[in-house]
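Q: I have a structure here, written as structure tokens, and I will follow up with some questions on it.
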Amino acid sequence: MTADNSEQIAEWNGALGQRWVEMQQEIDRIVVPFGDAALKAAAPQPGERVIDIGCGCGDTSIEIARIVGAAGAVLGIDVSQPMLEVARSRGALANCAHLAFRDGDASEAELPANTDLLFSRFGVMFFSEPSKAFSHLRKLLRTGGRCVFVCWRTPRDNAWAMTPLSAARTAMGVTPPPADPNAPGPFAFADEDRLRAILSGAGFGAIDVERFDAALSLGATPRSAAQSAVQIGPASRFVREVGVEHLPTILDAVERALAPLAAPNGHVRLNGSTWIVSAMNPA
């Protein structure tokens, strides 16, 4: 039985994926500290074979390809056609013959075996059946191969996401129903115990989960930060749910919420909190 990730696939091939393409440079800038921390933990080596899961617009795949060199091989996989088009263009400019991109659902796609490293920057939290997905992915690794990814911790620890969302909800008078914390989405792996159980149940060993926090730069002014917040992250989903006709009201409310948090020069930086996760395919 295949996993049903159809809802996520549709979103990332629709307006959401297109928005990420349009904001690619800004999003890359925002998440760079977390990707760098995960790459440091992954420590790709020259000659290694790597799969970049949820590669998006390709910046991590290109960086890994630079590190492993021509003797290695890197495959970036994603479900979003709009982002893969950007990734392929960027990969061509990087002139890496050992780098390829593929459209597919990593949770069940046939991918190269005997891989040295599975890597992901915020690309593994959307699986509808994460236990089956990670079991499938582990079998792609050689004995002793590594899986390293970064994922968000709890919403309450991520002010960059929840401060704008809270302001947007208040502006619209919306009290959300209790959410399923384990549902596919940005915060699906916030619970460390659940995360460890998923990986151990999938057959991984040497599981390590380390907290990594960094300030996210949302914008140079409260207004520009608010504009970013309503285009990416949970606040953007809320806008889509209530209707874009309410965007001016929401934008003003988010700006008011961010203004007291801005630095003296107007710059808005809010905390982002993640897990850097490492695991190994045991002998």
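Naming scheme: A, B, ... for chains in displayed order of the structure tokens; residues 1 onward per chain; ligands 1 onward as shown.
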Neighbours of Ser89 (chain A) within 12 Å (only C-alpha atoms; same-chain residues fewer than 4 positions away dropped), as a PDB file with N, CA, C and O atoms, in the first residue's frame?
A:
ATOM      1  N   CYS A  57      14.523  24.321  -4.031  1.00  0.00           N
ATOM      2  CA  CYS A  57      15.155  25.034  -5.147  1.00  0.00           C
ATOM      3  C   CYS A  57      16.629  24.700  -5.305  1.00  0.00           C
ATOM      4  O   CYS A  57      17.323  25.336  -6.109  1.00  0.00           O
ATOM      5  N   GLY A  58      17.114  23.717  -4.557  1.00  0.00           N
ATOM      6  CA  GLY A  58      18.397  23.102  -4.868  1.00  0.00           C
ATOM      7  C   GLY A  58      19.637  23.638  -4.200  1.00  0.00           C
ATOM      8  O   GLY A  58      20.734  23.125  -4.465  1.00  0.00           O
ATOM      9  N   ASP A  59      19.542  24.632  -3.309  1.00  0.00           N
ATOM     10  CA  ASP A  59      20.783  25.203  -2.797  1.00  0.00           C
ATOM     11  C   ASP A  59      21.573  24.222  -1.945  1.00  0.00           C
ATOM     12  O   ASP A  59      22.802  24.170  -2.028  1.00  0.00           O
ATOM     13  N   ILE A  62      23.282  21.646  -4.274  1.00  0.00           N
ATOM     14  CA  ILE A  62      24.447  22.219  -4.962  1.00  0.00           C
ATOM     15  C   ILE A  62      25.633  22.317  -4.022  1.00  0.00           C
ATOM     16  O   ILE A  62      26.770  22.006  -4.400  1.00  0.00           O
ATOM     17  N   PRO A  82       7.529  23.282  -9.680  1.00  0.00           N
ATOM     18  CA  PRO A  82       8.041  24.650  -9.802  1.00  0.00           C
ATOM     19  C   PRO A  82       9.420  24.827  -9.169  1.00  0.00           C
ATOM     20  O   PRO A  82      10.293  25.488  -9.744  1.00  0.00           O
ATOM     21  N   MET A  83       9.621  24.230  -8.009  1.00  0.00           N
ATOM     22  CA  MET A  83      10.917  24.386  -7.348  1.00  0.00           C
ATOM     23  C   MET A  83      11.999  23.578  -8.048  1.00  0.00           C
ATOM     24  O   MET A  83      13.155  24.004  -8.119  1.00  0.00           O
ATOM     25  N   LEU A  84      11.637  22.419  -8.575  1.00  0.00           N
ATOM     26  CA  LEU A  84      12.629  21.613  -9.291  1.00  0.00           C
ATOM     27  C   LEU A  84      13.111  22.314 -10.561  1.00  0.00           C
ATOM     28  O   LEU A  84      14.283  22.165 -10.946  1.00  0.00           O
ATOM     29  N   GLU A  85      12.234  23.062 -11.211  1.00  0.00           N
ATOM     30  CA  GLU A  85      12.673  23.819 -12.389  1.00  0.00           C
ATOM     31  C   GLU A  85      13.768  24.808 -12.007  1.00  0.00           C
ATOM     32  O   GLU A  85      14.763  24.955 -12.729  1.00  0.00           O
ATOM     33  N   LEU A  93      23.895  25.985 -13.894  1.00  0.00           N
ATOM     34  CA  LEU A  93      24.847  27.100 -13.740  1.00  0.00           C
ATOM     35  C   LEU A  93      26.033  26.694 -12.887  1.00  0.00           C
ATOM     36  O   LEU A  93      27.143  27.195 -13.080  1.00  0.00           O
ATOM     37  N   ALA A  94      25.809  25.791 -11.936  1.00  0.00           N
ATOM     38  CA  ALA A  94      26.897  25.322 -11.072  1.00  0.00           C
ATOM     39  C   ALA A  94      27.828  24.356 -11.794  1.00  0.00           C
ATOM     40  O   ALA A  94      28.919  24.042 -11.298  1.00  0.00           O
ATOM     41  N   ASN A  95      27.379  23.856 -12.957  1.00  0.00           N
ATOM     42  CA  ASN A  95      28.208  23.001 -13.804  1.00  0.00           C
ATOM     43  C   ASN A  95      28.694  21.762 -13.056  1.00  0.00           C
ATOM     44  O   ASN A  95      29.875  21.422 -13.072  1.00  0.00           O
ATOM     45  N   CYS A  96      27.747  21.066 -12.379  1.00  0.00           N
ATOM     46  CA  CYS A  96      28.079  19.857 -11.631  1.00  0.00           C
ATOM     47  C   CYS A  96      27.493  18.646 -12.362  1.00  0.00           C
ATOM     48  O   CYS A  96      26.286  18.376 -12.252  1.00  0.00           O
ATOM     49  N   LEU A  99      25.558  16.027 -10.251  1.00  0.00           N
ATOM     50  CA  LEU A  99      24.358  16.473  -9.553  1.00  0.00           C
ATOM     51  C   LEU A  99      23.146  16.301 -10.454  1.00  0.00           C
ATOM     52  O   LEU A  99      23.158  16.722 -11.615  1.00  0.00           O
ATOM     53  N   ALA A 100      22.083  15.678  -9.918  1.00  0.00           N
ATOM     54  CA  ALA A 100      20.844  15.490 -10.674  1.00  0.00           C
ATOM     55  C   ALA A 100      19.660  15.791  -9.773  1.00  0.00           C
ATOM     56  O   ALA A 100      19.762  15.699  -8.538  1.00  0.00           O
ATOM     57  N   PHE A 101      18.546  16.146 -10.403  1.00  0.00           N
ATOM     58  CA  PHE A 101      17.320  16.410  -9.662  1.00  0.00           C
ATOM     59  C   PHE A 101      16.202  15.544 -10.225  1.00  0.00           C
ATOM     60  O   PHE A 101      16.147  15.291 -11.426  1.00  0.00           O
TER      61      PHE A 101
END
Q: Env of Thr274 (chain A): 6 Å cut, atoms = only C-alpha atoms, seq-sep filter 4 positions within chain, self excluded. Answer as a list in words.
A: Cys151, Trp152, Arg153, Arg211 and Phe212 of chain A
Q: Dump N, CA, C and O atoms for the selected residues as a PDB file, in the first residue's frame?
A:
ATOM      1  N   CYS A 151      14.668  19.723  11.475  1.00  0.00           N
ATOM      2  CA  CYS A 151      13.217  19.904  11.510  1.00  0.00           C
ATOM      3  C   CYS A 151      12.871  20.873  12.634  1.00  0.00           C
ATOM      4  O   CYS A 151      13.653  21.061  13.571  1.00  0.00           O
ATOM      5  N   TRP A 152      11.706  21.483  12.541  1.00  0.00           N
ATOM      6  CA  TRP A 152      11.294  22.456  13.551  1.00  0.00           C
ATOM      7  C   TRP A 152      10.898  21.781  14.848  1.00  0.00           C
ATOM      8  O   TRP A 152      10.303  20.689  14.841  1.00  0.00           O
ATOM      9  N   ARG A 153      11.209  22.445  15.959  1.00  0.00           N
ATOM     10  CA  ARG A 153      10.711  22.027  17.262  1.00  0.00           C
ATOM     11  C   ARG A 153       9.297  22.576  17.458  1.00  0.00           C
ATOM     12  O   ARG A 153       8.606  22.839  16.504  1.00  0.00           O
ATOM     13  N   ARG A 211      19.220  20.089  19.975  1.00  0.00           N
ATOM     14  CA  ARG A 211      18.521  21.349  19.741  1.00  0.00           C
ATOM     15  C   ARG A 211      19.471  22.363  19.112  1.00  0.00           C
ATOM     16  O   ARG A 211      20.637  22.472  19.499  1.00  0.00           O
ATOM     17  N   PHE A 212      18.943  23.103  18.137  1.00  0.00           N
ATOM     18  CA  PHE A 212      19.705  24.195  17.520  1.00  0.00           C
ATOM     19  C   PHE A 212      18.764  25.369  17.298  1.00  0.00           C
ATOM     20  O   PHE A 212      17.764  25.241  16.597  1.00  0.00           O
TER      21      PHE A 212
END
Q: Please report as CSV every residue of region 186-256 of chain A lying within 12 Å of region 119-123 of chain A, along with the nearest atom pair and their distance in Å (one decimal), using only C-alpha atoms.
A:
residue,atom,partner,partner_atom,distance
A:Pro186,CA,A:Phe122,CA,7.6
A:Phe187,CA,A:Phe122,CA,9.9
A:Ala188,CA,A:Phe122,CA,10.8
A:Phe189,CA,A:Phe122,CA,10.3
Q: I'd like to know which residues of region 123-210 of chain A are strand (DSSP E or B) (by DSSP, run on the backbone); could you write them as a PyMOL selection string?
A: chain A and resi 141-152+205-210
Q: Near Phe134 (chain A), counting only C-alpha atoms, which residues have an atom at most 10 Å away, once you skip same-chain residues fewer than 2 positions from it, shown as a ChimeraX atom specification?
A: /A:106-108,124,127,129-132,136-140,147,198-204
Q: Going by DSSP on the backbone, which residues of region 197-228 of chain A come out as helix (DSSP H, G or I)? List them as a list in words.
A: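 Of region 197-228 of chain A, the ones in helix (DSSP H, G or I) are Ala197, Ile198, Leu199, Ser200, Gly201, Pro222, Arg223, Ser224, Ala225, Ala226, Gln227 and Ser228 of chain A.
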Q: Taking N, CA and C atoms for each residue, export the selection above as a short mmCIF file (atom, residue, chain, number, x, y, z; two decimals), in the first residue's frame.
A:
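And here is the file that came out, part_28.cif:
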data_model
loop_
_atom_site.label_atom_id
_atom_site.label_comp_id
_atom_site.auth_asym_id
_atom_site.auth_seq_id
_atom_site.Cartn_x
_atom_site.Cartn_y
_atom_site.Cartn_z
N ALA A 197 11.20 7.50 18.39
CA ALA A 197 10.46 6.25 18.21
C ALA A 197 10.27 5.93 16.73
N ILE A 198 9.99 6.96 15.92
CA ILE A 198 9.83 6.75 14.48
C ILE A 198 11.11 6.20 13.88
N LEU A 199 12.23 6.81 14.22
CA LEU A 199 13.50 6.39 13.64
C LEU A 199 13.92 5.00 14.13
N SER A 200 13.78 4.74 15.43
CA SER A 200 14.16 3.42 15.93
C SER A 200 13.24 2.35 15.38
N GLY A 201 11.94 2.68 15.25
CA GLY A 201 11.00 1.73 14.67
C GLY A 201 11.28 1.43 13.22
N PRO A 222 9.36 46.47 10.34
CA PRO A 222 8.18 45.68 10.71
C PRO A 222 7.24 45.42 9.54
N ARG A 223 7.12 46.39 8.63
CA ARG A 223 6.23 46.20 7.48
C ARG A 223 6.75 45.12 6.55
N SER A 224 8.04 45.18 6.21
CA SER A 224 8.59 44.16 5.32
C SER A 224 8.60 42.79 5.99
N ALA A 225 8.82 42.76 7.31
CA ALA A 225 8.76 41.50 8.05
C ALA A 225 7.36 40.92 8.01
N ALA A 226 6.35 41.78 8.18
CA ALA A 226 4.96 41.33 8.11
C ALA A 226 4.63 40.79 6.72
N GLN A 227 5.13 41.46 5.69
CA GLN A 227 4.89 41.00 4.33
C GLN A 227 5.49 39.62 4.09
N SER A 228 6.67 39.38 4.65
CA SER A 228 7.28 38.05 4.55
C SER A 228 6.45 37.01 5.29
#
Q: Measuring atom to atom with only C-alpha atoms, identify which of A:Arg240, A:Phe126, A:Asp52, A:Gly47 is nearest to His98 (chain A).
A: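 Checking each of A:Arg240, A:Phe126, A:Asp52, A:Gly47 against His98 (chain A), counting only C-alpha atoms, the winner is A:Gly47.
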Q: Restricting the calculation to only C-alpha atoms, which member of A:Glu255, A:Asp116, A:Asp78, A:Asp157 is positioned closest to Asp103 (chain A)?
A: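 With only C-alpha atoms as the atom set, the closest residue is A:Asp78.
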Q: Separation of CA of Lys40 (chain A) and CA of Gly219 (chain A), in Å?
A: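 These atoms are spaced 26.4 Å apart.
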Q: Can you tell me which residues surround Asn271 (chain A) at a distance of at most 12 Å, considering only C-alpha atoms, apart from same-chain residues fewer than 6 positions away, and format the answer as a count of residues only?
A: 24
Q: I need the residue nearest Glu7 (chain A) from this list: A:Glu241, A:Pro184, A:Ile207, A:Asn281. Use only C-alpha atoms for the distance.
A: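 Of the candidates, the smallest distance to Glu7 (chain A) is held by A:Pro184.
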Q: Contacts of Asp208 (chain A) at 9 Å or less, counting only C-alpha atoms, minus same-chain residues fewer than 4 places along, as a PyMOL selection string?
A: chain A and resi 196+276-279
Q: Quick one, how far is CA of Gln45 (chain A) from CA of Glu210 (chain A)?
A: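 CA of Glu210 (chain A) lies at a distance of 21.6 Å from CA of Gln45 (chain A).
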